[in-house]
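Next comes start.txt, a file with compact mmCIF, C-alpha atoms.
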```txt
# COMPACT_ATOMS: atom_id res chain seq x y z
CA MET M 539 15.96 22.61 -1.29
CA GLN M 540 12.99 20.72 -2.67
CA PRO M 541 11.32 18.15 -0.41
CA SER M 542 12.02 14.55 -1.33
CA PHE M 543 9.22 12.31 -2.50
CA VAL M 544 8.60 8.98 -4.16
CA GLN M 545 6.54 8.97 -7.34
CA PHE M 546 3.77 6.39 -6.99
CA GLY M 547 1.52 6.42 -10.03
CA ARG M 548 -0.18 9.79 -10.12
CA TYR M 549 0.80 10.58 -6.53
CA ARG M 550 3.94 11.99 -4.98
CA LEU M 551 4.37 10.28 -1.62
CA PHE M 552 6.04 12.42 1.01
CA LYS M 553 6.58 11.64 4.67
CA PRO M 554 5.01 8.53 6.16
CA LEU M 555 2.27 9.33 8.67
CA LYS M 556 1.49 5.96 10.12
CA LYS M 557 2.17 2.25 9.71
CA GLY M 558 -0.36 -0.33 10.79
CA GLY M 559 -0.57 -4.09 10.60
CA MET M 560 -1.72 -4.04 7.00
CA ALA M 561 -0.73 -0.73 5.43
CA ARG M 562 1.38 2.40 5.52
CA VAL M 563 -0.07 5.91 5.10
CA HIS M 564 1.84 8.78 3.47
CA VAL M 565 1.15 12.46 2.98
CA ALA M 566 0.77 12.76 -0.79
CA LEU M 567 0.11 15.18 -3.61
CA ASP M 568 -1.55 14.39 -6.93
CA ALA M 569 1.18 15.27 -9.44
CA ALA M 570 -1.29 16.41 -12.13
CA GLU M 571 -3.18 18.62 -9.69
CA ALA M 572 0.10 20.09 -8.43
CA ALA M 573 1.14 20.94 -12.01
CA GLY M 574 -2.20 22.73 -12.43
CA GLY M 575 -1.65 24.80 -9.30
CA ASN M 576 -3.90 22.81 -6.93
CA GLY M 577 -1.94 21.95 -3.82
CA GLN M 578 -4.43 19.64 -2.12
CA LEU M 579 -2.76 17.07 0.09
CA TYR M 580 -4.01 13.50 0.41
CA ALA M 581 -3.39 10.57 2.70
CA VAL M 582 -2.38 7.66 0.47
CA LYS M 583 -2.59 4.27 2.13
CA THR M 584 -0.60 1.42 0.55
CA LEU M 585 -0.74 -2.27 1.32
CA LEU M 586 2.51 -3.38 2.94
CA PRO M 587 4.82 -5.14 0.44
CA GLU M 588 5.10 -8.23 2.63
CA LEU M 589 1.31 -8.69 2.37
CA ALA M 590 0.98 -8.04 -1.37
CA GLY M 591 1.38 -11.75 -2.14
CA ASP M 592 -1.38 -12.78 0.26
CA LYS M 593 -4.69 -13.04 -1.62
CA GLY M 594 -6.76 -12.57 1.55
CA PHE M 595 -5.05 -9.31 2.50
CA ARG M 596 -5.18 -8.02 -1.07
CA GLU M 597 -8.92 -8.71 -1.26
CA MET M 598 -9.58 -7.12 2.15
CA PHE M 599 -7.62 -4.00 1.17
CA THR M 600 -9.25 -3.76 -2.26
CA THR M 601 -12.70 -4.13 -0.71
CA GLU M 602 -11.86 -1.38 1.78
CA GLY M 603 -11.04 0.93 -1.12
CA LYS M 604 -14.23 0.10 -3.03
CA VAL M 605 -16.40 0.58 0.04
CA GLY M 606 -14.61 3.82 0.93
CA LEU M 607 -15.48 5.26 -2.46
CA ARG M 608 -19.20 4.78 -1.67
CA LEU M 609 -19.15 6.38 1.77
CA ARG M 610 -20.17 10.04 1.98
CA HIS M 611 -20.65 11.13 5.58
CA SER M 612 -19.17 13.97 7.61
CA ASN M 613 -17.88 11.54 10.26
CA ILE M 614 -16.09 9.23 7.80
CA VAL M 615 -12.85 10.06 6.04
CA ARG M 616 -13.52 10.64 2.35
CA THR M 617 -11.95 8.28 -0.18
CA PHE M 618 -11.12 9.82 -3.55
CA ASP M 619 -9.33 7.05 -5.40
CA ALA M 620 -8.42 3.39 -5.01
CA GLY M 621 -6.56 1.00 -7.24
CA VAL M 622 -3.34 -0.85 -7.89
CA HIS M 623 -0.07 0.65 -9.12
CA GLU M 624 2.74 -1.68 -10.16
CA GLY M 625 1.29 -4.47 -8.02
CA THR M 626 0.74 -2.31 -4.92
CA ALA M 627 -2.84 -1.64 -3.85
CA TYR M 628 -3.57 1.87 -2.62
CA ILE M 629 -6.36 4.06 -1.29
CA ALA M 630 -6.20 7.87 -1.62
CA MET M 631 -8.17 9.68 1.10
CA GLU M 632 -8.62 13.16 2.43
CA LEU M 633 -5.84 14.25 4.73
CA ILE M 634 -7.31 15.31 8.05
CA ALA M 635 -5.25 17.74 10.11
CA GLY M 636 -5.10 17.27 13.83
CA GLN M 637 -4.45 14.61 16.42
CA ASP M 638 -6.00 11.19 16.70
CA VAL M 639 -7.80 10.31 19.92
CA ALA M 640 -5.07 7.86 20.99
CA SER M 641 -2.45 10.65 20.91
CA VAL M 642 -4.71 13.02 22.82
CA LEU M 643 -5.44 10.40 25.50
CA LYS M 644 -1.73 9.57 25.83
CA ARG M 645 -0.86 13.24 26.36
CA LEU M 646 -3.68 13.67 28.88
CA ARG M 647 -2.54 10.59 30.85
CA ARG M 648 1.05 11.88 30.83
CA ASP M 649 -0.18 15.20 32.27
CA GLY M 650 -2.41 13.48 34.84
CA GLU M 651 -5.58 14.75 33.19
CA ARG M 652 -8.72 13.19 31.77
CA LEU M 653 -10.71 13.82 28.63
CA PRO M 654 -13.60 16.11 29.61
CA LEU M 655 -16.84 14.12 29.66
CA PRO M 656 -18.71 16.39 27.19
CA LEU M 657 -15.87 15.95 24.69
CA ALA M 658 -15.77 12.17 25.20
CA VAL M 659 -19.53 12.00 24.62
CA ALA M 660 -19.27 14.17 21.48
CA ILE M 661 -16.52 11.93 20.06
CA ALA M 662 -18.52 8.77 20.83
CA ARG M 663 -21.66 10.33 19.26
CA ASP M 664 -19.79 11.23 16.07
CA VAL M 665 -18.16 7.79 15.78
CA CYS M 666 -21.56 6.14 16.26
CA ALA M 667 -23.14 8.42 13.63
CA GLY M 668 -20.50 7.42 11.08
CA LEU M 669 -20.84 3.74 11.91
CA ASP M 670 -24.64 3.92 11.76
CA TYR M 671 -24.45 5.48 8.30
CA ALA M 672 -21.98 2.85 7.05
CA HIS M 673 -23.90 -0.06 8.53
CA GLY M 674 -27.16 1.19 7.01
CA LEU M 675 -25.74 1.70 3.51
CA ARG M 676 -27.55 -0.13 0.72
CA ASP M 677 -26.73 -0.94 -2.87
CA GLU M 678 -28.64 0.25 -5.95
CA GLN M 679 -31.22 -2.54 -5.48
CA GLY M 680 -31.84 -1.56 -1.86
CA GLN M 681 -29.95 -4.52 -0.41
CA PRO M 682 -27.81 -3.90 2.69
CA LEU M 683 -24.08 -3.77 1.93
CA GLU M 684 -23.39 -5.37 5.33
CA ILE M 685 -20.30 -3.24 5.92
CA VAL M 686 -18.12 -4.23 8.84
CA ASN M 687 -15.42 -1.87 10.08
CA ARG M 688 -12.47 -3.90 11.29
CA ASP M 689 -10.47 -1.03 12.68
CA VAL M 690 -12.45 1.38 14.85
CA SER M 691 -9.88 2.45 17.39
CA PRO M 692 -8.68 5.62 19.13
CA GLY M 693 -5.74 5.72 16.71
CA ASN M 694 -8.14 5.94 13.77
CA VAL M 695 -10.49 8.56 15.19
CA MET M 696 -9.57 12.20 14.61
```

Go ahead and express the file in the form of structure tokens.
Amino acid sequence: MQPSFVQFGRYRLFKPLKKGGMARVHVALDAAEAAGGNGQLYAVKTLLPELAGDKGFREMFTTEGKVGLRLRHSNIVRTFDAGVHEGTAYIAMELIAGQDVASVLKRLRRDGERLPLPLAVAIARDVCAGLDYAHGLRDEQGQPLEIVNRDVSPGNVM
């Protein structure tokens, strides 16, 4: 039995990973790459349909995609593609295996444990390194891009 998917432009969207206040993220495969034998999986984030008609949300999401394409740092998820397909804005990013910090903390609390301090410090250091890079990014003329991350949270840190 073949897994079910929804064709979305060049991507095949499989199971949903997460839904937030503004978007839904699916595990996806680039159909052309798959036909060529490359099985790389992506995380494709799509603006929620109920927000597609709101100019402010569309602009915020589109800006996120454009900024993501510029960011190249080991502590920031890599963005490969961003655009609009049939009126739905999307961002295609690397799919990172593992658990987000919120899930890890929830499991630790359930088991009556705490995150070891050295690990907590390492996570905080890596998040700060990624944010420092993004906040220091400049355009081709050397002007600061003034990037603001609106969603740094344990659920978005892997």

Please indicate the distance in Å from CA of Pro692 in chain M to CA of Asp638 in chain M, rounded to one decimal place.
6.6 Å

Looking at M:Ala630, M:Ala620, M:Ala590, M:Met598, which one is nearest to His564 in chain M, with distances taken over all atoms listed in the file?
M:Ala630

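Atom pair CA of Ile629 in chain M / CA of Ile661 in chain M: separated by 24.9 Å.
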
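Nearest to Asp664 in chain M of all the residues M:Gln679, M:Ile614, M:Gln545, M:Glu651 is M:Ile614, counting only C-alpha atoms.
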
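Here CA of Leu586 in chain M is placed at a distance of 26.4 Å from CA of Arg610 in chain M.
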
Pick out the residues sitting within 7 Å of range 665-676 of chain M, and hand them over as a PyMOL selection string; count only C-alpha atoms, and ignore anything fewer than 6 positions along from it in its own chain.
chain M and resi 609+611+613-614+682-685

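Using all atoms listed in the file, the contacts of Ser542 in chain M at a cut-off of 9 Å, with sequence neighbours closer than 6 positions omitted, comprise M:Leu551, M:Phe552, M:Lys553.
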
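Among the candidates M:Val605, M:Leu643, M:Arg616, M:Gly650, the one nearest to Asp677 in chain M when counting all atoms listed in the file is M:Val605.
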
Distance query Leu567 in chain M at most 12 Å, all atoms listed in the file, self and fewer than 6 positions along chain excluded, as an MDAnalysis selection string
chainID M and resid 543:553 573:582 630:633

Restricting to all atoms listed in the file, whichever of M:Val615, M:Ala660, M:Met560, M:Ala569 is closest to Ile634 in chain M is M:Val615

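Nearest to Thr601 in chain M of all the residues M:Met696, M:Ala566, M:Val686, M:Leu657 is M:Val686, based on only C-alpha atoms.
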
Could you check which residues have any atom within 8 Å of (-6.2, 10.2, 16.1), counting only C-alpha atoms with coordinates taken straight from the file, and then list them as a PyMOL selection string?
chain M and resi 636-642+692-696

Can you write range 638-680 of chain M from the block above with N, CA and C atoms, as a PDB file, in the first residue's frame?
```
ATOM      1  N   ASP M 638      11.469  18.291  19.956  1.00  0.00           N
ATOM      2  CA  ASP M 638      11.635  19.692  20.331  1.00  0.00           C
ATOM      3  C   ASP M 638      11.796  19.776  21.851  1.00  0.00           C
ATOM      4  N   VAL M 639      12.317  20.894  22.303  1.00  0.00           N
ATOM      5  CA  VAL M 639      12.611  21.065  23.730  1.00  0.00           C
ATOM      6  C   VAL M 639      11.334  20.983  24.571  1.00  0.00           C
ATOM      7  N   ALA M 640      10.225  21.499  24.060  1.00  0.00           N
ATOM      8  CA  ALA M 640       8.968  21.443  24.819  1.00  0.00           C
ATOM      9  C   ALA M 640       8.570  19.996  25.107  1.00  0.00           C
ATOM     10  N   SER M 641       8.703  19.115  24.127  1.00  0.00           N
ATOM     11  CA  SER M 641       8.361  17.698  24.327  1.00  0.00           C
ATOM     12  C   SER M 641       9.289  17.037  25.328  1.00  0.00           C
ATOM     13  N   VAL M 642      10.570  17.370  25.241  1.00  0.00           N
ATOM     14  CA  VAL M 642      11.549  16.798  26.176  1.00  0.00           C
ATOM     15  C   VAL M 642      11.239  17.259  27.596  1.00  0.00           C
ATOM     16  N   LEU M 643      10.965  18.544  27.771  1.00  0.00           N
ATOM     17  CA  LEU M 643      10.664  19.070  29.108  1.00  0.00           C
ATOM     18  C   LEU M 643       9.388  18.454  29.673  1.00  0.00           C
ATOM     19  N   LYS M 644       8.388  18.266  28.821  1.00  0.00           N
ATOM     20  CA  LYS M 644       7.134  17.650  29.264  1.00  0.00           C
ATOM     21  C   LYS M 644       7.375  16.224  29.767  1.00  0.00           C
ATOM     22  N   ARG M 645       8.166  15.467  29.019  1.00  0.00           N
ATOM     23  CA  ARG M 645       8.463  14.090  29.420  1.00  0.00           C
ATOM     24  C   ARG M 645       9.267  14.072  30.730  1.00  0.00           C
ATOM     25  N   LEU M 646      10.231  14.978  30.839  1.00  0.00           N
ATOM     26  CA  LEU M 646      11.024  15.032  32.072  1.00  0.00           C
ATOM     27  C   LEU M 646      10.149  15.366  33.274  1.00  0.00           C
ATOM     28  N   ARG M 647       9.243  16.352  33.120  1.00  0.00           N
ATOM     29  CA  ARG M 647       8.334  16.711  34.218  1.00  0.00           C
ATOM     30  C   ARG M 647       7.457  15.517  34.606  1.00  0.00           C
ATOM     31  N   ARG M 648       6.944  14.818  33.604  1.00  0.00           N
ATOM     32  CA  ARG M 648       6.093  13.655  33.850  1.00  0.00           C
ATOM     33  C   ARG M 648       6.839  12.605  34.677  1.00  0.00           C
ATOM     34  N   ASP M 649       8.138  12.457  34.385  1.00  0.00           N
ATOM     35  CA  ASP M 649       8.954  11.455  35.078  1.00  0.00           C
ATOM     36  C   ASP M 649       9.603  11.996  36.355  1.00  0.00           C
ATOM     37  N   GLY M 650       9.271  13.248  36.717  1.00  0.00           N
ATOM     38  CA  GLY M 650       9.821  13.831  37.932  1.00  0.00           C
ATOM     39  C   GLY M 650      11.299  14.177  37.822  1.00  0.00           C
ATOM     40  N   GLU M 651      11.759  14.417  36.614  1.00  0.00           N
ATOM     41  CA  GLU M 651      13.167  14.735  36.394  1.00  0.00           C
ATOM     42  C   GLU M 651      13.328  16.159  35.880  1.00  0.00           C
ATOM     43  N   ARG M 652      14.578  16.587  35.843  1.00  0.00           N
ATOM     44  CA  ARG M 652      14.907  17.922  35.323  1.00  0.00           C
ATOM     45  C   ARG M 652      15.918  17.796  34.201  1.00  0.00           C
ATOM     46  N   LEU M 653      15.924  18.796  33.345  1.00  0.00           N
ATOM     47  CA  LEU M 653      16.923  18.852  32.280  1.00  0.00           C
ATOM     48  C   LEU M 653      18.283  19.086  32.937  1.00  0.00           C
ATOM     49  N   PRO M 654      19.267  18.258  32.657  1.00  0.00           N
ATOM     50  CA  PRO M 654      20.593  18.474  33.253  1.00  0.00           C
ATOM     51  C   PRO M 654      21.119  19.874  32.902  1.00  0.00           C
ATOM     52  N   LEU M 655      21.692  20.534  33.874  1.00  0.00           N
ATOM     53  CA  LEU M 655      22.162  21.907  33.692  1.00  0.00           C
ATOM     54  C   LEU M 655      23.123  22.054  32.508  1.00  0.00           C
ATOM     55  N   PRO M 656      24.106  21.180  32.330  1.00  0.00           N
ATOM     56  CA  PRO M 656      24.995  21.352  31.171  1.00  0.00           C
ATOM     57  C   PRO M 656      24.239  21.309  29.836  1.00  0.00           C
ATOM     58  N   LEU M 657      23.205  20.475  29.749  1.00  0.00           N
ATOM     59  CA  LEU M 657      22.418  20.405  28.525  1.00  0.00           C
ATOM     60  C   LEU M 657      21.582  21.672  28.346  1.00  0.00           C
ATOM     61  N   ALA M 658      20.992  22.164  29.421  1.00  0.00           N
ATOM     62  CA  ALA M 658      20.215  23.402  29.357  1.00  0.00           C
ATOM     63  C   ALA M 658      21.098  24.571  28.903  1.00  0.00           C
ATOM     64  N   VAL M 659      22.304  24.631  29.428  1.00  0.00           N
ATOM     65  CA  VAL M 659      23.235  25.700  29.040  1.00  0.00           C
ATOM     66  C   VAL M 659      23.634  25.558  27.567  1.00  0.00           C
ATOM     67  N   ALA M 660      23.881  24.339  27.122  1.00  0.00           N
ATOM     68  CA  ALA M 660      24.257  24.110  25.718  1.00  0.00           C
ATOM     69  C   ALA M 660      23.126  24.526  24.777  1.00  0.00           C
ATOM     70  N   ILE M 661      21.884  24.190  25.138  1.00  0.00           N
ATOM     71  CA  ILE M 661      20.737  24.579  24.318  1.00  0.00           C
ATOM     72  C   ILE M 661      20.621  26.101  24.275  1.00  0.00           C
ATOM     73  N   ALA M 662      20.712  26.744  25.431  1.00  0.00           N
ATOM     74  CA  ALA M 662      20.617  28.208  25.484  1.00  0.00           C
ATOM     75  C   ALA M 662      21.738  28.860  24.669  1.00  0.00           C
ATOM     76  N   ARG M 663      22.951  28.319  24.771  1.00  0.00           N
ATOM     77  CA  ARG M 663      24.095  28.847  24.006  1.00  0.00           C
ATOM     78  C   ARG M 663      23.823  28.747  22.504  1.00  0.00           C
ATOM     79  N   ASP M 664      23.323  27.609  22.057  1.00  0.00           N
ATOM     80  CA  ASP M 664      23.079  27.412  20.629  1.00  0.00           C
ATOM     81  C   ASP M 664      21.945  28.304  20.117  1.00  0.00           C
ATOM     82  N   VAL M 665      20.898  28.454  20.911  1.00  0.00           N
ATOM     83  CA  VAL M 665      19.804  29.361  20.521  1.00  0.00           C
ATOM     84  C   VAL M 665      20.339  30.786  20.423  1.00  0.00           C
ATOM     85  N   CYS M 666      21.118  31.206  21.398  1.00  0.00           N
ATOM     86  CA  CYS M 666      21.685  32.564  21.377  1.00  0.00           C
ATOM     87  C   CYS M 666      22.622  32.761  20.182  1.00  0.00           C
ATOM     88  N   ALA M 667      23.391  31.741  19.824  1.00  0.00           N
ATOM     89  CA  ALA M 667      24.292  31.855  18.667  1.00  0.00           C
ATOM     90  C   ALA M 667      23.496  32.056  17.382  1.00  0.00           C
ATOM     91  N   GLY M 668      22.409  31.312  17.224  1.00  0.00           N
ATOM     92  CA  GLY M 668      21.567  31.479  16.046  1.00  0.00           C
ATOM     93  C   GLY M 668      20.913  32.849  16.009  1.00  0.00           C
ATOM     94  N   LEU M 669      20.409  33.294  17.144  1.00  0.00           N
ATOM     95  CA  LEU M 669      19.772  34.616  17.204  1.00  0.00           C
ATOM     96  C   LEU M 669      20.787  35.724  16.957  1.00  0.00           C
ATOM     97  N   ASP M 670      21.981  35.591  17.517  1.00  0.00           N
ATOM     98  CA  ASP M 670      23.021  36.593  17.300  1.00  0.00           C
ATOM     99  C   ASP M 670      23.366  36.711  15.808  1.00  0.00           C
ATOM    100  N   TYR M 671      23.490  35.580  15.147  1.00  0.00           N
ATOM    101  CA  TYR M 671      23.763  35.584  13.712  1.00  0.00           C
ATOM    102  C   TYR M 671      22.640  36.301  12.956  1.00  0.00           C
ATOM    103  N   ALA M 672      21.393  35.914  13.236  1.00  0.00           N
ATOM    104  CA  ALA M 672      20.249  36.505  12.525  1.00  0.00           C
ATOM    105  C   ALA M 672      20.144  37.999  12.794  1.00  0.00           C
ATOM    106  N   HIS M 673      20.333  38.395  14.038  1.00  0.00           N
ATOM    107  CA  HIS M 673      20.198  39.813  14.378  1.00  0.00           C
ATOM    108  C   HIS M 673      21.340  40.657  13.818  1.00  0.00           C
ATOM    109  N   GLY M 674      22.471  40.030  13.541  1.00  0.00           N
ATOM    110  CA  GLY M 674      23.607  40.762  12.977  1.00  0.00           C
ATOM    111  C   GLY M 674      23.663  40.745  11.458  1.00  0.00           C
ATOM    112  N   LEU M 675      22.722  40.056  10.822  1.00  0.00           N
ATOM    113  CA  LEU M 675      22.750  39.931   9.363  1.00  0.00           C
ATOM    114  C   LEU M 675      22.535  41.280   8.682  1.00  0.00           C
ATOM    115  N   ARG M 676      23.311  41.494   7.606  1.00  0.00           N
ATOM    116  CA  ARG M 676      23.235  42.754   6.865  1.00  0.00           C
ATOM    117  C   ARG M 676      22.947  42.485   5.398  1.00  0.00           C
ATOM    118  N   ASP M 677      22.403  43.492   4.729  1.00  0.00           N
ATOM    119  CA  ASP M 677      22.125  43.353   3.306  1.00  0.00           C
ATOM    120  C   ASP M 677      23.392  43.610   2.496  1.00  0.00           C
ATOM    121  N   GLU M 678      23.251  43.612   1.168  1.00  0.00           N
ATOM    122  CA  GLU M 678      24.400  43.772   0.274  1.00  0.00           C
ATOM    123  C   GLU M 678      25.094  45.121   0.432  1.00  0.00           C
ATOM    124  N   GLN M 679      24.381  46.130   0.932  1.00  0.00           N
ATOM    125  CA  GLN M 679      24.962  47.456   1.153  1.00  0.00           C
ATOM    126  C   GLN M 679      25.512  47.629   2.565  1.00  0.00           C
ATOM    127  N   GLY M 680      25.465  46.545   3.354  1.00  0.00           N
ATOM    128  CA  GLY M 680      26.002  46.604   4.710  1.00  0.00           C
ATOM    129  C   GLY M 680      25.017  47.127   5.743  1.00  0.00           C
TER     130      GLY M 680
END
```
